[in-house]
file target-v7.cif (mmCIF, C-alpha atoms and all ligand atoms)
data_protein
loop_
_atom_site.label_atom_id
_atom_site.label_comp_id
_atom_site.auth_asym_id
_atom_site.auth_seq_id
_atom_site.Cartn_x
_atom_site.Cartn_y
_atom_site.Cartn_z
CA MET A 1 15.28 -3.84 -25.34
CA THR A 2 16.86 -5.68 -28.35
CA SER A 3 15.29 -8.54 -30.33
CA GLN A 4 17.61 -10.93 -28.41
CA ASP A 5 16.47 -9.63 -25.04
CA PRO A 6 14.96 -12.64 -23.23
CA ARG A 7 12.92 -10.47 -20.89
CA PRO A 8 9.12 -10.51 -21.45
CA ALA A 9 7.56 -7.34 -22.82
CA PRO A 10 6.18 -5.09 -20.08
CA ALA A 11 2.55 -5.81 -19.14
CA PRO A 12 0.00 -3.28 -20.39
CA HIS A 13 -0.96 -0.63 -17.86
CA PRO A 14 -4.05 -1.84 -15.96
CA ALA A 15 -5.73 1.52 -16.48
CA GLY A 16 -6.45 0.12 -19.97
CA PRO A 17 -5.17 0.31 -23.54
CA GLY A 18 -4.22 3.81 -24.59
CA ARG A 19 -4.09 5.08 -20.98
CA ARG A 20 -0.44 5.66 -20.28
CA PRO A 21 1.03 5.25 -16.80
CA ALA A 22 1.23 8.57 -15.00
CA PRO A 23 4.73 10.07 -14.97
CA VAL A 24 5.35 9.62 -11.28
CA VAL A 25 8.63 9.08 -9.46
CA VAL A 26 8.50 6.55 -6.62
CA ARG A 27 11.50 6.30 -4.31
CA GLN A 28 12.58 5.02 -0.91
CA ALA A 29 11.41 7.34 1.89
CA ARG A 30 14.01 9.16 3.96
CA PRO A 31 13.82 10.47 7.53
CA ALA A 32 13.51 14.02 6.13
CA ASP A 33 10.22 12.94 4.44
CA VAL A 34 8.55 11.72 7.63
CA ARG A 35 6.81 14.96 8.62
CA ARG A 36 5.30 15.20 5.12
CA ILE A 37 4.19 11.54 5.28
CA TYR A 38 2.52 12.27 8.64
CA GLN A 39 0.79 15.32 7.13
CA LEU A 40 -0.42 13.31 4.10
CA VAL A 41 -1.82 10.49 6.22
CA GLN A 42 -3.43 12.73 8.89
CA PRO A 43 -6.72 13.54 7.06
CA PHE A 44 -7.31 9.83 6.36
CA THR A 45 -6.84 8.99 10.06
CA GLU A 46 -9.48 11.56 11.07
CA THR A 47 -12.07 9.61 9.04
CA ARG A 48 -10.62 6.27 10.28
CA VAL A 49 -9.65 5.22 6.76
CA LEU A 50 -6.07 4.74 8.05
CA ILE A 51 -4.78 4.02 11.57
CA ALA A 52 -3.73 7.10 13.56
CA LYS A 53 -0.13 6.85 14.76
CA GLU A 54 2.32 9.10 16.58
CA LEU A 55 5.05 10.84 14.60
CA ILE A 56 7.69 8.63 16.25
CA SER A 57 6.05 5.54 14.70
CA TYR A 58 6.64 6.93 11.21
CA PHE A 59 10.31 7.59 11.98
CA GLU A 60 10.64 4.04 13.30
CA ALA A 61 9.02 2.63 10.17
CA VAL A 62 10.61 4.96 7.60
CA GLN A 63 12.58 2.15 5.95
CA GLU A 64 9.27 0.40 5.11
CA PHE A 65 8.02 3.45 3.21
CA VAL A 66 8.16 4.60 -0.38
CA VAL A 67 7.05 8.08 -1.46
CA ALA A 68 5.87 9.54 -4.77
CA GLU A 69 6.70 12.83 -6.43
CA LEU A 70 5.35 14.25 -9.69
CA PRO A 71 8.00 15.45 -12.15
CA GLU A 72 6.33 18.86 -12.51
CA GLU A 73 6.80 19.47 -8.77
CA PRO A 74 10.04 17.76 -7.72
CA GLY A 75 10.52 17.72 -3.97
CA ARG A 76 6.78 17.77 -3.15
CA ILE A 77 5.67 14.37 -1.91
CA VAL A 78 2.15 13.57 -3.12
CA GLY A 79 1.81 9.97 -1.95
CA CYS A 80 3.25 7.31 0.32
CA GLY A 81 2.87 3.65 1.19
CA ALA A 82 4.58 0.99 3.27
CA LEU A 83 5.22 -2.74 3.18
CA HIS A 84 5.27 -4.28 6.65
CA VAL A 85 6.52 -7.85 6.95
CA LEU A 86 4.15 -9.97 9.06
CA TRP A 87 5.68 -13.44 8.85
CA ASP A 88 8.05 -15.51 6.71
CA ASP A 89 5.78 -15.56 3.64
CA ILE A 90 3.44 -12.61 4.10
CA ALA A 91 3.55 -8.82 4.35
CA GLU A 92 0.94 -6.08 4.61
CA VAL A 93 0.55 -3.04 2.39
CA ARG A 94 -0.26 -0.26 4.82
CA THR A 95 -0.53 3.53 4.95
CA LEU A 96 -1.04 3.82 1.18
CA ALA A 97 -2.17 7.43 0.81
CA VAL A 98 -2.33 9.86 -2.10
CA ASP A 99 -2.95 13.59 -1.78
CA PRO A 100 -6.64 14.01 -2.80
CA ARG A 101 -5.60 16.81 -5.20
CA VAL A 102 -3.69 14.32 -7.40
CA GLN A 103 -5.77 11.16 -7.00
CA GLY A 104 -6.87 9.41 -10.19
CA ARG A 105 -3.57 10.04 -12.02
CA GLY A 106 -1.87 6.71 -11.36
CA VAL A 107 0.14 7.71 -8.27
CA GLY A 108 -1.54 5.08 -6.07
CA HIS A 109 -0.97 2.45 -8.76
CA GLU A 110 2.76 3.19 -9.00
CA LEU A 111 3.18 3.16 -5.22
CA LEU A 112 1.33 -0.16 -4.89
CA GLN A 113 3.30 -1.75 -7.74
CA THR A 114 6.57 -0.70 -6.05
CA LEU A 115 5.47 -2.27 -2.76
CA ILE A 116 4.40 -5.49 -4.52
CA ASP A 117 7.81 -5.61 -6.29
CA ARG A 118 9.46 -5.21 -2.88
CA ALA A 119 7.44 -8.13 -1.52
CA ARG A 120 8.59 -10.29 -4.46
CA ALA A 121 12.22 -9.21 -3.97
CA LEU A 122 11.95 -10.26 -0.31
CA GLY A 123 10.82 -13.74 -1.36
CA LEU A 124 7.32 -13.33 0.09
CA ARG A 125 4.36 -15.28 -1.32
CA ARG A 126 1.39 -13.17 -0.16
CA VAL A 127 0.48 -9.54 0.41
CA PHE A 128 -2.37 -8.61 2.76
CA CYS A 129 -4.35 -5.39 2.85
CA LEU A 130 -7.19 -4.05 4.98
CA THR A 131 -9.06 -1.41 3.01
CA PHE A 132 -12.20 0.42 1.93
CA GLU A 133 -10.69 0.69 -1.59
CA VAL A 134 -11.84 -2.79 -2.67
CA ASP A 135 -12.09 -2.07 -6.41
CA PHE A 136 -8.66 -0.40 -6.57
CA PHE A 137 -6.98 -3.43 -4.95
CA ALA A 138 -9.14 -5.99 -6.81
CA ARG A 139 -8.03 -4.51 -10.14
CA ARG A 140 -4.46 -5.22 -9.07
CA GLY A 141 -5.06 -8.89 -8.29
CA PHE A 142 -6.10 -8.77 -4.62
CA ARG A 143 -9.15 -10.83 -3.65
CA ARG A 144 -11.39 -10.53 -0.63
CA ILE A 145 -10.81 -13.06 2.12
CA ALA A 146 -12.50 -13.94 5.39
CA GLY A 147 -10.53 -14.37 8.60
CA THR A 148 -6.80 -14.24 9.17
CA PRO A 149 -4.70 -16.11 6.58
CA VAL A 150 -2.25 -17.83 8.95
CA GLY A 151 -2.36 -21.09 10.88
CA THR A 152 -3.08 -21.32 14.61
CA ASP A 153 0.61 -21.63 15.59
CA VAL A 154 1.57 -18.50 13.67
CA TYR A 155 -1.51 -16.70 15.01
CA ALA A 156 -0.39 -17.48 18.56
CA GLU A 157 3.11 -16.14 17.84
CA MET A 158 1.72 -12.99 16.23
CA LEU A 159 -0.41 -12.26 19.33
CA ARG A 160 2.88 -11.23 20.98
CA SER A 161 3.15 -8.18 18.70
CA HIS A 162 2.40 -4.68 20.06
CA ASP A 163 1.73 -3.30 16.58
CA ASP A 164 -1.79 -1.91 16.01
CA GLY A 165 -1.76 -3.09 12.38
CA VAL A 166 -1.01 -6.64 13.50
CA ALA A 167 -3.94 -6.43 15.97
CA GLU A 168 -6.14 -5.51 13.01
CA PHE A 169 -4.69 -8.34 10.90
CA LEU A 170 -5.48 -10.76 13.74
CA ASP A 171 -8.97 -9.20 14.01
CA LEU A 172 -8.60 -8.72 17.77
CA ALA A 173 -11.58 -7.30 19.67
CA ARG A 174 -9.63 -4.15 20.62
CA ALA A 175 -8.98 -3.39 16.92
CA LYS A 176 -12.56 -3.94 15.69
CA PRO A 177 -13.69 -0.29 16.13
CA ASN A 178 -10.91 0.69 13.66
CA THR A 179 -11.70 -1.95 11.07
CA LEU A 180 -15.49 -1.54 10.85
CA GLY A 181 -16.52 -1.62 7.17
CA ASN A 182 -13.04 -2.52 5.90
CA SER A 183 -12.41 -5.49 3.63
CA ARG A 184 -9.64 -8.01 4.18
CA MET A 185 -7.82 -8.63 0.89
CA LEU A 186 -4.97 -10.87 -0.19
CA LEU A 187 -2.69 -11.00 -3.24
CA GLU A 188 -0.93 -14.28 -4.06
CA LEU A 189 2.42 -13.54 -5.67
C1 LIG G 1 -6.50 4.17 -2.75
C2 LIG G 1 -5.65 5.35 -3.21
C3 LIG G 1 -4.26 5.20 -2.64
C4 LIG G 1 -5.60 5.35 -4.75
O1 LIG G 1 -4.73 6.40 -5.16
P1 LIG G 1 -4.83 7.06 -6.64
O2 LIG G 1 -3.59 7.82 -6.85
O3 LIG G 1 -6.12 7.78 -6.78
O4 LIG G 1 -4.85 5.73 -7.52
P2 LIG G 1 -4.69 5.65 -9.11
O5 LIG G 1 -4.78 7.03 -9.68
O6 LIG G 1 -3.49 4.85 -9.40
O7 LIG G 1 -5.95 4.78 -9.51
C5 LIG G 1 -7.27 5.27 -9.31
C6 LIG G 1 -8.01 5.40 -10.64
O8 LIG G 1 -7.49 6.48 -11.36
C7 LIG G 1 -7.60 6.21 -12.76
N1 LIG G 1 -6.26 6.24 -13.39
C8 LIG G 1 -5.12 5.80 -12.85
N2 LIG G 1 -4.09 5.99 -13.70
C9 LIG G 1 -4.58 6.56 -14.79
C10 LIG G 1 -4.01 7.00 -15.98
N3 LIG G 1 -2.70 6.90 -16.23
N4 LIG G 1 -4.82 7.54 -16.88
C11 LIG G 1 -6.12 7.66 -16.63
N5 LIG G 1 -6.72 7.26 -15.50
C12 LIG G 1 -5.98 6.71 -14.59
C13 LIG G 1 -8.20 4.88 -12.89
O9 LIG G 1 -9.57 4.97 -13.02
C14 LIG G 1 -7.84 4.24 -11.57
O10 LIG G 1 -8.68 3.21 -11.28
P3 LIG G 1 -8.31 1.68 -11.69
O11 LIG G 1 -6.94 1.65 -12.33
O12 LIG G 1 -8.31 0.98 -10.36
O13 LIG G 1 -9.39 1.30 -12.59
C15 LIG G 1 -6.28 6.71 -2.77
O14 LIG G 1 -7.64 6.74 -3.13
C16 LIG G 1 -6.16 7.00 -1.28
O15 LIG G 1 -5.22 7.65 -0.82
N6 LIG G 1 -7.17 6.54 -0.48
C17 LIG G 1 -7.21 6.79 0.97
C18 LIG G 1 -6.30 5.85 1.75
C19 LIG G 1 -6.63 4.37 1.54
O16 LIG G 1 -7.78 3.97 1.57
N7 LIG G 1 -5.59 3.54 1.33
C20 LIG G 1 -5.73 2.12 1.09
C21 LIG G 1 -5.59 1.28 2.33
S1 LIG G 1 -3.94 1.20 2.95
#
call {"tool": "encode", "arguments": {"input": "target-v7.cif", "output": "structure tokens"}}
result
Amino acid sequence: MTSQDPRPAPAPHPAGPGRRPAPVVVRQARPADVRRIYQLVQPFTETRVLIAKELISYFEAVQEFVVAELPEEPGRIVGCGALHVLWDDIAEVRTLAVDPRVQGRGVGHELLQTLIDRARALGLRRVFCLTFEVDFFARRGFRRIAGTPVGTDVYAEMLRSHDDGVAEFLDLARAKPNTLGNSRMLLEL
């Protein structure tokens, strides 16, 4: 960046002054990554932290996903996350998962930032998340909300979806066993 560069200086890393962002490479997921994404997510579905889905659902959604690799182990995916568009101004961060062996090194942060950047690039105004990781999301600007942040007309349209994540977003009775103890959070972009 030169002294004439009009761009603002990069924001400090939210991990705090002196704590440098982890050297992690985040990239668009490819179909060849899907089995590894499934494997990464699987343990979190067994404890109901994330929704259990069939392998085919990950192939269908692969274009929504980003994956993370650490430079010391190129080719080994250690994290993933997806941005699922819900309506004309809102999307959901879903299936954000980091291999427990590398958690706490900034991988989750980099994945989430990439998904938020995607939401901005798509012209969206809000990002929703349903999570147990309240502090992690709160430190990145999400706040807890009650209910479903859409009007009644949009709610009625969204009821037509067959997606399990949308059922959770709408807080439908059939989705409640999956969402017990989760917090509903929203980021305004
Ligand atoms: C939530 C989740 C994705 C976070 O992943 P992660 O890789 O551990 O996240 P990070 O390492 O970026 O951040 C966690 C903490 O590590 C520490 N940390 C992160 N980067 C750091 C760095 N560069 N230096 C030192 N410490 C750092 C910080 O304490 C950070 O907390 P804070 O920044 O919120 O204060 C992970 O816990 C997970 O997979 N959970 C299960 C699935 C889930 O609940 N997903 C969310 C709903 S979709």
call {"tool": "closest_residue", "arguments": {"input": "target-v7.cif", "among": "A:Leu159, A:Leu86, A:Val127, A:Val34", "to": "ligand LIG 1 (chain G)", "atoms": "all atoms listed in the file"}}
result
A:Val127
call {"tool": "closest_residue", "arguments": {"input": "target-v7.cif", "among": "A:Gly165, A:Gly108, A:Gly147, A:Pro177", "to": "ligand LIG 1 (chain G)", "atoms": "all atoms listed in the file"}}
result
A:Gly108
call {"tool": "atom_distance", "arguments": {"input": "target-v7.cif", "atom1": "atom O15 of ligand LIG 1 (chain G)", "atom2": "CA of Leu124 (chain A)"}}
result
24.5 Å
call {"tool": "residues_around", "arguments": {"input": "target-v7.cif", "residues": "Ser183 (chain A)", "least_positions_apart": "6", "cutoff": "8 Å", "atoms": "all atoms listed in the file", "output": "ChimeraX atom specification"}}
result
/A:130-132,134,144-145
call {"tool": "write_last_selection", "arguments": {"input": "target-v7.cif", "atoms": "C-alpha atoms", "output": "PDB file, keeping the file's coordinate frame"}}
result
ATOM      1  CA  LEU A 130      -7.190  -4.050   4.980  1.00  0.00           C
ATOM      2  CA  THR A 131      -9.060  -1.410   3.010  1.00  0.00           C
ATOM      3  CA  PHE A 132     -12.200   0.420   1.930  1.00  0.00           C
ATOM      4  CA  VAL A 134     -11.840  -2.790  -2.670  1.00  0.00           C
ATOM      5  CA  ARG A 144     -11.390 -10.530  -0.630  1.00  0.00           C
ATOM      6  CA  ILE A 145     -10.810 -13.060   2.120  1.00  0.00           C
TER       7      ILE A 145
END
call {"tool": "residues_around", "arguments": {"input": "target-v7.cif", "residues": "region 40-50 of chain A", "least_positions_apart": "5", "cutoff": "10 Å", "atoms": "all atoms listed in the file", "output": "number ranges by chain"}}
result
A: 34-35, 77-81, 94-100, 130-133, 165, 177-182
call {"tool": "atom_distance", "arguments": {"input": "target-v7.cif", "atom1": "atom C20 of ligand LIG 1 (chain G)", "atom2": "CA of Ala82 (chain A)"}}
result
10.6 Å
call {"tool": "closest_residue", "arguments": {"input": "target-v7.cif", "among": "A:Glu54, A:Asp89, A:Glu188, A:Asp171", "to": "Ile37 (chain A)", "atoms": "all atoms listed in the file"}}
result
A:Glu54
call {"tool": "atom_distance", "arguments": {"input": "target-v7.cif", "atom1": "CA of Arg126 (chain A)", "atom2": "CA of Tyr155 (chain A)"}}
result
15.8 Å
call {"tool": "closest_residue", "arguments": {"input": "target-v7.cif", "among": "A:Gly141, A:Pro149, A:Pro31, A:Pro71", "to": "Val107 (chain A)", "atoms": "all atoms listed in the file"}}
result
A:Pro71
call {"tool": "residues_around", "arguments": {"input": "target-v7.cif", "residues": "Asp33 (chain A)", "least_positions_apart": "4", "cutoff": "10 Å", "atoms": "all atoms listed in the file", "output": "NGL selection string"}}
result
:A and (28-29 or 37-38 or 58-59 or 62 or 65-67 or 75-77 or 80)
